[in-house]
file upload34.cif (mmCIF, C-alpha atoms)
data_upload
#
loop_
_atom_site.label_atom_id
_atom_site.label_comp_id
_atom_site.auth_asym_id
_atom_site.auth_seq_id
_atom_site.Cartn_x
_atom_site.Cartn_y
_atom_site.Cartn_z
CA MET Z 9 -67.30 146.36 -24.44
CA ARG Z 10 -68.16 149.85 -25.62
CA THR Z 11 -71.00 150.01 -23.09
CA THR Z 12 -68.67 148.77 -20.33
CA ALA Z 13 -66.12 151.49 -21.07
CA LEU Z 14 -68.80 154.18 -20.98
CA SER Z 15 -70.12 152.81 -17.67
CA MET Z 16 -66.65 152.90 -16.13
CA LEU Z 17 -66.20 156.50 -17.27
CA ILE Z 18 -69.56 157.55 -15.81
CA GLY Z 19 -68.76 155.78 -12.53
CA ALA Z 20 -65.40 157.56 -12.24
CA LEU Z 21 -67.05 160.94 -12.84
CA ALA Z 22 -69.70 160.17 -10.22
CA LEU Z 23 -67.01 159.20 -7.70
CA ALA Z 24 -65.18 162.47 -8.30
CA TRP Z 25 -68.40 164.43 -7.83
CA LEU Z 26 -69.15 162.71 -4.53
CA THR Z 27 -65.60 163.44 -3.36
CA LEU Z 28 -65.87 167.17 -4.10
CA THR Z 29 -69.45 167.64 -2.89
CA PRO Z 30 -70.02 166.96 0.85
CA SER Z 31 -73.27 165.30 1.83
CA SER Z 32 -75.88 167.75 3.08
CA ALA Z 33 -77.78 165.10 5.06
CA TYR Z 34 -75.42 165.41 7.99
CA ALA Z 35 -74.60 169.11 7.77
CA GLN Z 36 -76.95 169.92 10.63
CA GLU Z 37 -76.42 169.10 14.29
CA SER Z 38 -78.81 166.62 15.90
CA GLY Z 39 -80.95 167.68 18.83
CA ILE Z 40 -84.45 168.63 20.04
CA THR Z 41 -85.61 172.15 19.14
CA SER Z 42 -89.13 171.96 20.64
CA PRO Z 43 -90.08 171.89 23.46
CA ALA Z 44 -87.35 174.11 24.85
CA PRO Z 45 -85.74 173.55 28.27
CA GLY Z 46 -87.88 174.91 31.12
CA SER Z 47 -91.18 174.75 29.17
CA ALA Z 48 -94.53 174.02 30.83
CA ILE Z 49 -96.45 171.36 28.86
CA SER Z 50 -99.50 169.11 29.11
CA GLY Z 51 -101.46 166.76 26.85
CA ASP Z 52 -100.02 165.45 23.58
CA VAL Z 53 -96.77 167.31 22.80
CA PRO Z 54 -95.14 167.07 19.31
CA ILE Z 55 -91.35 166.74 19.47
CA PHE Z 56 -89.42 168.63 16.75
CA GLY Z 57 -85.71 168.54 15.98
CA THR Z 58 -83.01 166.84 13.92
CA ALA Z 59 -81.77 163.23 14.13
CA THR Z 60 -78.82 162.46 11.83
CA ILE Z 61 -75.50 160.67 12.26
CA GLU Z 62 -72.90 158.97 10.04
CA PRO Z 63 -73.60 156.08 9.37
CA PHE Z 64 -77.26 156.33 10.48
CA GLN Z 65 -79.22 153.37 11.88
CA LYS Z 66 -82.08 154.77 14.00
CA TYR Z 67 -83.13 157.34 16.60
CA GLU Z 68 -85.03 156.95 19.89
CA LEU Z 69 -86.98 159.32 22.17
CA HIS Z 70 -87.15 158.76 25.95
CA PHE Z 71 -88.43 160.60 29.03
CA LYS Z 72 -88.01 160.33 32.79
CA GLN Z 73 -89.31 162.11 35.88
CA GLU Z 74 -86.81 163.95 38.04
CA PRO Z 75 -85.04 163.30 40.28
CA SER Z 76 -84.00 159.85 39.03
CA GLY Z 77 -81.04 158.08 37.42
CA ASP Z 78 -80.30 157.42 33.75
CA ASP Z 79 -81.81 153.92 34.03
CA ALA Z 80 -85.25 155.47 34.60
CA PHE Z 81 -85.69 156.70 30.99
CA ILE Z 82 -88.81 155.33 29.23
CA TYR Z 83 -88.98 154.88 25.44
CA PHE Z 84 -92.00 156.46 23.71
CA ALA Z 85 -91.10 157.15 20.03
CA GLY Z 86 -88.40 156.68 17.38
CA GLY Z 87 -87.64 155.99 13.72
CA THR Z 88 -85.27 154.34 11.27
CA SER Z 89 -84.94 157.26 8.83
CA PRO Z 90 -82.96 160.47 9.43
CA VAL Z 91 -85.00 163.60 10.25
CA ILE Z 92 -83.73 167.11 9.55
CA GLY Z 93 -85.70 169.97 11.09
CA GLY Z 94 -88.93 167.96 11.34
CA GLN Z 95 -91.20 166.15 13.77
CA LEU Z 96 -89.48 163.33 15.63
CA GLY Z 97 -92.54 162.00 17.48
CA VAL Z 98 -95.43 162.82 19.85
CA TRP Z 99 -95.11 162.68 23.62
CA GLN Z 100 -98.45 161.80 25.25
CA ALA Z 101 -97.82 163.59 28.53
CA GLY Z 102 -101.47 164.10 29.52
CA GLY Z 103 -101.62 160.97 31.68
CA LEU Z 104 -98.33 161.52 33.49
CA PRO Z 105 -98.23 162.60 37.14
CA PRO Z 106 -97.37 166.28 37.68
CA GLY Z 107 -93.69 166.98 38.09
CA THR Z 108 -90.44 167.93 36.39
CA TYR Z 109 -89.30 165.74 33.48
CA THR Z 110 -86.33 165.36 31.11
CA LEU Z 111 -86.45 164.35 27.44
CA ARG Z 112 -83.65 162.42 25.72
CA LEU Z 113 -82.91 161.96 22.00
CA ARG Z 114 -80.55 159.06 21.19
CA VAL Z 115 -79.19 158.80 17.61
CA VAL Z 116 -77.64 155.34 16.95
CA LYS Z 117 -74.99 154.39 14.37
CA THR Z 118 -74.91 151.11 12.44
CA ASP Z 119 -72.04 149.86 14.64
CA GLY Z 120 -74.07 150.38 17.84
CA ASN Z 121 -72.45 153.63 19.00
CA TYR Z 122 -74.76 156.58 19.64
CA ALA Z 123 -75.03 160.25 20.54
CA GLU Z 124 -77.48 161.67 23.12
CA TYR Z 125 -79.18 165.06 23.47
CA PHE Z 126 -81.25 166.20 26.50
CA VAL Z 127 -84.04 168.73 27.22
CA PRO Z 128 -84.22 169.23 31.03
CA ASN Z 129 -86.58 171.03 33.45
CA LEU Z 130 -89.87 170.36 31.63
CA SER Z 131 -92.86 171.17 33.87
CA VAL Z 132 -95.56 168.59 33.05
CA ASN Z 133 -99.22 168.98 34.11
CA GLN Z 134 -98.41 171.69 36.64
CA ALA Z 135 -100.21 175.02 36.96
CA THR Z 136 -98.10 177.95 35.91
CA PRO Z 137 -97.04 179.77 39.09
CA PRO Z 138 -98.33 183.37 39.29
CA THR Z 139 -95.89 186.08 38.52
CA PRO Z 140 -94.96 187.81 41.80
CA THR Z 141 -95.85 191.49 41.95
CA PRO Z 142 -93.18 193.58 43.61
CA GLU Z 143 -94.43 195.51 46.60
CA ALA Z 144 -94.07 199.24 46.55
CA SER Z 145 -91.27 200.22 48.88
CA PRO Z 146 -91.61 203.42 50.94
CA THR Z 147 -89.80 206.41 49.60
CA GLU Z 148 -86.96 207.42 51.83
CA THR Z 149 -86.45 211.07 52.57
CA PRO Z 150 -82.85 212.01 51.95
CA THR Z 151 -81.00 213.46 54.94
CA PRO Z 152 -79.28 216.73 54.08
CA THR Z 153 -75.55 216.59 54.42
CA PRO Z 154 -73.98 219.64 56.10
CA THR Z 155 -71.65 221.57 53.87
CA PHE Z 156 -68.37 222.73 55.37
CA THR Z 157 -67.46 226.29 54.47
CA PRO Z 158 -63.79 227.13 55.10
CA ALA Z 159 -63.01 230.35 56.95
CA PRO Z 160 -61.46 233.13 54.86
CA GLN Z 161 -57.69 233.26 55.07
CA PRO Z 162 -56.02 236.59 55.96
CA THR Z 163 -54.24 238.36 53.15
CA PRO Z 164 -50.54 238.87 54.00
CA ALA Z 165 -49.37 242.49 53.89
CA LEU Z 166 -46.10 243.49 52.26
CA GLY Z 167 -43.70 245.24 54.65
CA GLN Z 168 -40.89 247.69 53.91
CA VAL Z 169 -37.94 248.68 56.10
CA THR Z 170 -36.56 252.26 55.69
CA GLN Z 171 -33.06 253.16 56.83
CA PRO Z 172 -32.63 256.50 58.74
CA GLN Z 173 -31.20 259.36 56.71
CA VAL Z 174 -27.69 260.65 57.47
CA GLU Z 175 -26.92 264.38 57.25
CA GLU Z 176 -25.17 265.58 54.11
CA GLU Z 177 -25.68 262.17 52.46
CA ALA Z 178 -28.38 261.10 50.08
CA PRO Z 179 -30.70 258.53 51.52
CA THR Z 180 -29.96 255.04 50.22
CA PRO Z 181 -33.08 252.97 49.69
CA THR Z 182 -32.88 249.46 51.05
CA PRO Z 183 -35.04 246.67 49.55
CA ALA Z 184 -37.54 245.11 51.82
CA GLU Z 185 -36.45 241.95 53.57
CA VAL Z 186 -38.60 238.90 53.10
CA ALA Z 187 -38.82 236.65 56.11
CA VAL Z 188 -38.54 232.92 55.51
CA VAL Z 189 -41.41 231.28 57.30
CA ASP Z 190 -41.84 227.60 58.04
CA PRO Z 191 -44.93 226.22 56.16
CA GLY Z 192 -46.27 224.82 59.44
CA GLN Z 193 -46.07 228.18 61.33
CA THR Z 194 -48.11 231.37 61.14
CA PRO Z 195 -46.42 233.98 58.97
CA ALA Z 196 -45.23 237.11 60.85
CA VAL Z 197 -46.60 240.51 60.02
CA GLY Z 198 -44.86 242.03 57.05
CA GLY Z 199 -43.67 238.64 55.71
CA LEU Z 200 -44.73 236.63 52.64
CA LEU Z 201 -46.06 233.05 52.80
CA PRO Z 202 -43.86 230.81 50.59
CA THR Z 203 -45.60 229.12 47.69
CA PRO Z 204 -45.16 225.31 47.76
CA THR Z 205 -43.96 223.64 44.56
CA PRO Z 206 -46.50 221.04 43.33
CA ALA Z 207 -45.12 217.51 43.11
CA ALA Z 208 -44.99 215.85 39.72
CA PRO Z 209 -47.77 213.26 39.25
CA ALA Z 210 -46.63 209.67 39.46
CA SER Z 211 -46.71 207.81 36.21
CA VAL Z 212 -49.21 204.99 35.96
CA ALA Z 213 -47.96 201.88 34.29
CA THR Z 214 -50.38 200.57 31.72
CA PRO Z 215 -50.20 196.85 31.05
CA SER Z 216 -49.51 196.03 27.43
CA GLY Z 217 -51.56 193.42 25.57
CA GLY Z 218 -49.13 193.13 22.66
CA ALA Z 219 -47.94 189.66 23.67
CA LEU Z 220 -51.49 188.26 23.96
CA THR Z 221 -52.52 189.79 20.61
CA ARG Z 222 -49.44 188.38 18.90
CA GLU Z 223 -50.05 184.85 20.25
CA LEU Z 224 -53.72 184.97 19.22
CA GLY Z 225 -52.77 186.14 15.71
CA GLU Z 226 -50.22 183.31 15.34
CA ALA Z 227 -52.82 180.69 16.43
CA LEU Z 228 -55.41 181.99 13.95
CA SER Z 229 -52.84 182.08 11.13
CA PHE Z 230 -51.81 178.46 11.80
CA GLN Z 231 -55.46 177.30 11.87
CA ARG Z 232 -56.19 179.09 8.58
CA LEU Z 233 -53.05 177.62 6.94
CA ARG Z 234 -53.97 174.08 8.02
CA THR Z 235 -57.54 174.43 6.69
CA GLN Z 236 -56.31 175.72 3.33
CA PHE Z 237 -53.74 172.89 3.12
CA PHE Z 238 -56.35 170.15 3.60
CA ASN Z 239 -58.72 171.82 1.13
CA GLY Z 240 -55.92 171.93 -1.45
CA VAL Z 241 -55.08 168.25 -0.94
CA ARG Z 242 -58.71 167.28 -1.31
CA ILE Z 243 -59.23 169.26 -4.53
CA SER Z 244 -55.94 167.97 -6.02
CA ALA Z 245 -56.94 164.35 -5.30
CA ALA Z 246 -60.34 164.85 -6.92
CA ILE Z 247 -58.79 166.42 -10.04
CA PHE Z 248 -56.28 163.55 -10.30
CA ILE Z 249 -59.11 160.99 -10.08
CA VAL Z 250 -61.10 162.73 -12.83
CA ILE Z 251 -58.06 162.99 -15.16
CA ALA Z 252 -57.13 159.34 -14.56
CA ALA Z 253 -60.72 158.23 -15.24
CA ILE Z 254 -60.85 160.19 -18.50
CA PHE Z 255 -57.44 158.86 -19.62
CA PHE Z 256 -58.21 155.19 -18.91
CA GLY Z 257 -61.70 155.55 -20.33
CA LYS Z 258 -60.27 156.95 -23.56
CA ARG Z 259 -57.70 154.13 -23.83
CA ILE Z 260 -60.34 151.46 -23.22
CA PHE Z 261 -62.65 153.08 -25.74
CA GLU Z 262 -59.88 153.17 -28.41
CA TRP Z 263 -58.92 149.55 -27.73
CA ALA Z 264 -62.54 148.40 -28.00
CA TRP Z 265 -63.02 150.40 -31.19
CA ARG Z 266 -59.93 148.90 -32.86
CA ARG Z 267 -60.86 145.37 -31.79
CA TYR Z 268 -64.58 145.34 -32.53
CA GLY Z 269 -65.08 148.36 -34.74
#

call {"tool": "encode", "arguments": {"input": "upload34.cif", "output": "structure tokens"}}
result
Amino acid sequence: MRTTALSMLIGALALAWLTLTPSSAYAQESGITSPAPGSAISGDVPIFGTATIEPFQKYELHFKQEPSGDDAFIYFAGGTSPVIGGQLGVWQAGGLPPGTYTLRLRVVKTDGNYAEYFVPNLSVNQATPPTPTPEASPTETPTPTPTFTPAPQPTPALGQVTQPQVEEEAPTPTPAEVAVVDPGQTPAVGGLLPTPTPAAPASVATPSGGALTRELGEALSFQRLRTQFFNGVRISAAIFIVIAAIFFGKRIFEWAWRRYG
């Protein structure tokens, strides 16, 4: 009985550890990392990548020549053990007719469901097309653009009108009269050209992004709060399991000691 109580305590601690520590076998995303889409290949080609899923049953590698439907895929390799960042199989492409092919990785669960990953546009047994050399284009001679030089504007002269002097009276100076001239007409001799008042620049409305920034901040805050809430629930449940296992293990141990000790 003492051995049984210790086994139950060890099992409860192991369960709590598995609850707190996520499995690293499925932390990576499945897929083919080599060859890359658009590669030119020939001969025996090793296929590298990752094949994992929860719960894992097997993985399969297929190929087909384009253009064709999904029913044209041909199986050539596979396995019943998960692979993480390793070699999935070897594609013997040396005997295939030249053309464009697509690879497919299918990772199957124990219930029959599966996930698929594709590598398209693989050039098999085709010569690499030469890189086109751009032809030198003739240099165009720029055409000079004539520059318009405005004619000099005449400088208006200031005029002054003098009243005739009257005998036995001191001459009274009279200020010069300024003629009001229409902006569209030529100013008369002795007049001043009026200076136009510049118009105030129109204000440019700048769109405000305050509403978009506020909505984005609220969405991020809600996502962060939800993640922290689920993490707290998970940690609390694990701590409760550990405490319960220790408590019941201690009670069983004391009961066994009193009965058989």

call {"tool": "closest_residue", "arguments": {"input": "upload34.cif", "among": "Z:Ile49, Z:Val115, Z:Leu220, Z:Ala264", "to": "Leu130 (chain Z)", "atoms": "all atoms listed in the file"}}
result
Z:Ile49

call {"tool": "resolve_selection", "arguments": {"input": "upload34.cif", "expression": "the PyMOL selection byres ((chain Z and resi 40) around 12)", "output": "ChimeraX atom specification"}}
result
/Z:37-39,41-45,54-60,67-70,91-97,110-115,124-128

call {"tool": "closest_residue", "arguments": {"input": "upload34.cif", "among": "Z:Gly77, Z:Gly120, Z:Gly225, Z:Gly51", "to": "Gly102 (chain Z)", "atoms": "only C-alpha atoms"}}
result
Z:Gly51

call {"tool": "atom_distance", "arguments": {"input": "upload34.cif", "atom1": "CA of Gly107 (chain Z)", "atom2": "CA of Asp52 (chain Z)"}}
result
15.9 Å

call {"tool": "atom_distance", "arguments": {"input": "upload34.cif", "atom1": "CA of Lys258 (chain Z)", "atom2": "CA of Arg242 (chain Z)"}}
result
24.6 Å

call {"tool": "atom_distance", "arguments": {"input": "upload34.cif", "atom1": "CA of Phe248 (chain Z)", "atom2": "CA of Thr235 (chain Z)"}}
result
20.2 Å

call {"tool": "resolve_selection", "arguments": {"input": "upload34.cif", "expression": "the PyMOL selection byres ((chain Z and resi 74) around 6)", "output": "list in words"}}
result
Gln73, Pro75, Ser76, Thr108 and Tyr109 of chain Z

call {"tool": "closest_residue", "arguments": {"input": "upload34.cif", "among": "Z:Gln100, Z:Gln65, Z:Gln36, Z:Thr118", "to": "Ser50 (chain Z)", "atoms": "all atoms listed in the file"}}
result
Z:Gln100

call {"tool": "build_atoms", "arguments": {"input": "upload34.cif", "residues": "region 100-129 of chain Z", "atoms": "N, CA and C atoms", "output": "PDB file, in the frame of the given file"}}
result
ATOM      1  N   GLN Z 100     -97.131 161.758  24.619  1.00  0.00           N
ATOM      2  CA  GLN Z 100     -98.450 161.800  25.250  1.00  0.00           C
ATOM      3  C   GLN Z 100     -98.258 161.989  26.750  1.00  0.00           C
ATOM      4  N   ALA Z 101     -98.129 163.251  27.137  1.00  0.00           N
ATOM      5  CA  ALA Z 101     -97.820 163.590  28.530  1.00  0.00           C
ATOM      6  C   ALA Z 101     -99.060 163.877  29.363  1.00  0.00           C
ATOM      7  N   GLY Z 102    -100.259 163.756  28.770  1.00  0.00           N
ATOM      8  CA  GLY Z 102    -101.470 164.100  29.520  1.00  0.00           C
ATOM      9  C   GLY Z 102    -101.732 163.184  30.693  1.00  0.00           C
ATOM     10  N   GLY Z 103    -101.350 161.901  30.601  1.00  0.00           N
ATOM     11  CA  GLY Z 103    -101.620 160.970  31.680  1.00  0.00           C
ATOM     12  C   GLY Z 103    -100.500 160.826  32.687  1.00  0.00           C
ATOM     13  N   LEU Z 104     -99.459 161.634  32.568  1.00  0.00           N
ATOM     14  CA  LEU Z 104     -98.330 161.520  33.490  1.00  0.00           C
ATOM     15  C   LEU Z 104     -98.607 162.290  34.776  1.00  0.00           C
ATOM     16  N   PRO Z 105     -98.049 161.848  35.892  1.00  0.00           N
ATOM     17  CA  PRO Z 105     -98.230 162.600  37.140  1.00  0.00           C
ATOM     18  C   PRO Z 105     -97.502 163.948  37.067  1.00  0.00           C
ATOM     19  N   PRO Z 106     -98.027 164.972  37.722  1.00  0.00           N
ATOM     20  CA  PRO Z 106     -97.370 166.280  37.680  1.00  0.00           C
ATOM     21  C   PRO Z 106     -95.958 166.199  38.245  1.00  0.00           C
ATOM     22  N   GLY Z 107     -95.075 166.951  37.622  1.00  0.00           N
ATOM     23  CA  GLY Z 107     -93.690 166.980  38.090  1.00  0.00           C
ATOM     24  C   GLY Z 107     -92.777 167.566  37.037  1.00  0.00           C
ATOM     25  N   THR Z 108     -91.477 167.441  37.304  1.00  0.00           N
ATOM     26  CA  THR Z 108     -90.440 167.930  36.390  1.00  0.00           C
ATOM     27  C   THR Z 108     -89.838 166.741  35.659  1.00  0.00           C
ATOM     28  N   TYR Z 109     -89.752 166.840  34.309  1.00  0.00           N
ATOM     29  CA  TYR Z 109     -89.300 165.740  33.480  1.00  0.00           C
ATOM     30  C   TYR Z 109     -88.125 166.165  32.602  1.00  0.00           C
ATOM     31  N   THR Z 110     -87.447 165.158  32.046  1.00  0.00           N
ATOM     32  CA  THR Z 110     -86.330 165.360  31.110  1.00  0.00           C
ATOM     33  C   THR Z 110     -86.559 164.501  29.879  1.00  0.00           C
ATOM     34  N   LEU Z 111     -86.391 165.089  28.693  1.00  0.00           N
ATOM     35  CA  LEU Z 111     -86.450 164.350  27.440  1.00  0.00           C
ATOM     36  C   LEU Z 111     -85.047 163.984  26.977  1.00  0.00           C
ATOM     37  N   ARG Z 112     -84.939 162.858  26.256  1.00  0.00           N
ATOM     38  CA  ARG Z 112     -83.650 162.420  25.720  1.00  0.00           C
ATOM     39  C   ARG Z 112     -83.825 161.922  24.281  1.00  0.00           C
ATOM     40  N   LEU Z 113     -82.977 162.437  23.379  1.00  0.00           N
ATOM     41  CA  LEU Z 113     -82.910 161.960  22.000  1.00  0.00           C
ATOM     42  C   LEU Z 113     -81.609 161.176  21.844  1.00  0.00           C
ATOM     43  N   ARG Z 114     -81.725 159.908  21.414  1.00  0.00           N
ATOM     44  CA  ARG Z 114     -80.550 159.060  21.190  1.00  0.00           C
ATOM     45  C   ARG Z 114     -80.497 158.717  19.701  1.00  0.00           C
ATOM     46  N   VAL Z 115     -79.391 159.092  19.022  1.00  0.00           N
ATOM     47  CA  VAL Z 115     -79.190 158.800  17.610  1.00  0.00           C
ATOM     48  C   VAL Z 115     -78.123 157.709  17.524  1.00  0.00           C
ATOM     49  N   VAL Z 116     -78.477 156.547  16.914  1.00  0.00           N
ATOM     50  CA  VAL Z 116     -77.640 155.340  16.950  1.00  0.00           C
ATOM     51  C   VAL Z 116     -76.998 155.126  15.577  1.00  0.00           C
ATOM     52  N   LYS Z 117     -75.709 154.750  15.594  1.00  0.00           N
ATOM     53  CA  LYS Z 117     -74.990 154.390  14.370  1.00  0.00           C
ATOM     54  C   LYS Z 117     -75.210 152.906  14.053  1.00  0.00           C
ATOM     55  N   THR Z 118     -74.766 152.510  12.852  1.00  0.00           N
ATOM     56  CA  THR Z 118     -74.910 151.110  12.440  1.00  0.00           C
ATOM     57  C   THR Z 118     -74.019 150.173  13.249  1.00  0.00           C
ATOM     58  N   ASP Z 119     -72.921 150.703  13.833  1.00  0.00           N
ATOM     59  CA  ASP Z 119     -72.040 149.860  14.640  1.00  0.00           C
ATOM     60  C   ASP Z 119     -72.461 149.802  16.107  1.00  0.00           C
ATOM     61  N   GLY Z 120     -73.576 150.427  16.469  1.00  0.00           N
ATOM     62  CA  GLY Z 120     -74.070 150.380  17.840  1.00  0.00           C
ATOM     63  C   GLY Z 120     -73.722 151.595  18.667  1.00  0.00           C
ATOM     64  N   ASN Z 121     -72.752 152.407  18.272  1.00  0.00           N
ATOM     65  CA  ASN Z 121     -72.450 153.630  19.000  1.00  0.00           C
ATOM     66  C   ASN Z 121     -73.563 154.652  18.790  1.00  0.00           C
ATOM     67  N   TYR Z 122     -73.658 155.628  19.712  1.00  0.00           N
ATOM     68  CA  TYR Z 122     -74.760 156.580  19.640  1.00  0.00           C
ATOM     69  C   TYR Z 122     -74.352 157.911  20.253  1.00  0.00           C
ATOM     70  N   ALA Z 123     -75.160 158.916  19.949  1.00  0.00           N
ATOM     71  CA  ALA Z 123     -75.030 160.250  20.540  1.00  0.00           C
ATOM     72  C   ALA Z 123     -76.350 160.613  21.203  1.00  0.00           C
ATOM     73  N   GLU Z 124     -76.283 161.329  22.337  1.00  0.00           N
ATOM     74  CA  GLU Z 124     -77.480 161.670  23.120  1.00  0.00           C
ATOM     75  C   GLU Z 124     -77.607 163.169  23.271  1.00  0.00           C
ATOM     76  N   TYR Z 125     -78.862 163.645  23.312  1.00  0.00           N
ATOM     77  CA  TYR Z 125     -79.180 165.060  23.470  1.00  0.00           C
ATOM     78  C   TYR Z 125     -80.363 165.161  24.446  1.00  0.00           C
ATOM     79  N   PHE Z 126     -80.297 166.124  25.397  1.00  0.00           N
ATOM     80  CA  PHE Z 126     -81.250 166.200  26.500  1.00  0.00           C
ATOM     81  C   PHE Z 126     -81.978 167.546  26.493  1.00  0.00           C
ATOM     82  N   VAL Z 127     -83.238 167.517  26.979  1.00  0.00           N
ATOM     83  CA  VAL Z 127     -84.040 168.730  27.220  1.00  0.00           C
ATOM     84  C   VAL Z 127     -84.514 168.650  28.664  1.00  0.00           C
ATOM     85  N   PRO Z 128     -83.879 169.364  29.613  1.00  0.00           N
ATOM     86  CA  PRO Z 128     -84.220 169.230  31.030  1.00  0.00           C
ATOM     87  C   PRO Z 128     -85.279 170.246  31.475  1.00  0.00           C
ATOM     88  N   ASN Z 129     -85.712 170.063  32.748  1.00  0.00           N
ATOM     89  CA  ASN Z 129     -86.580 171.030  33.450  1.00  0.00           C
ATOM     90  C   ASN Z 129     -87.891 171.286  32.709  1.00  0.00           C
TER      91      ASN Z 129
END
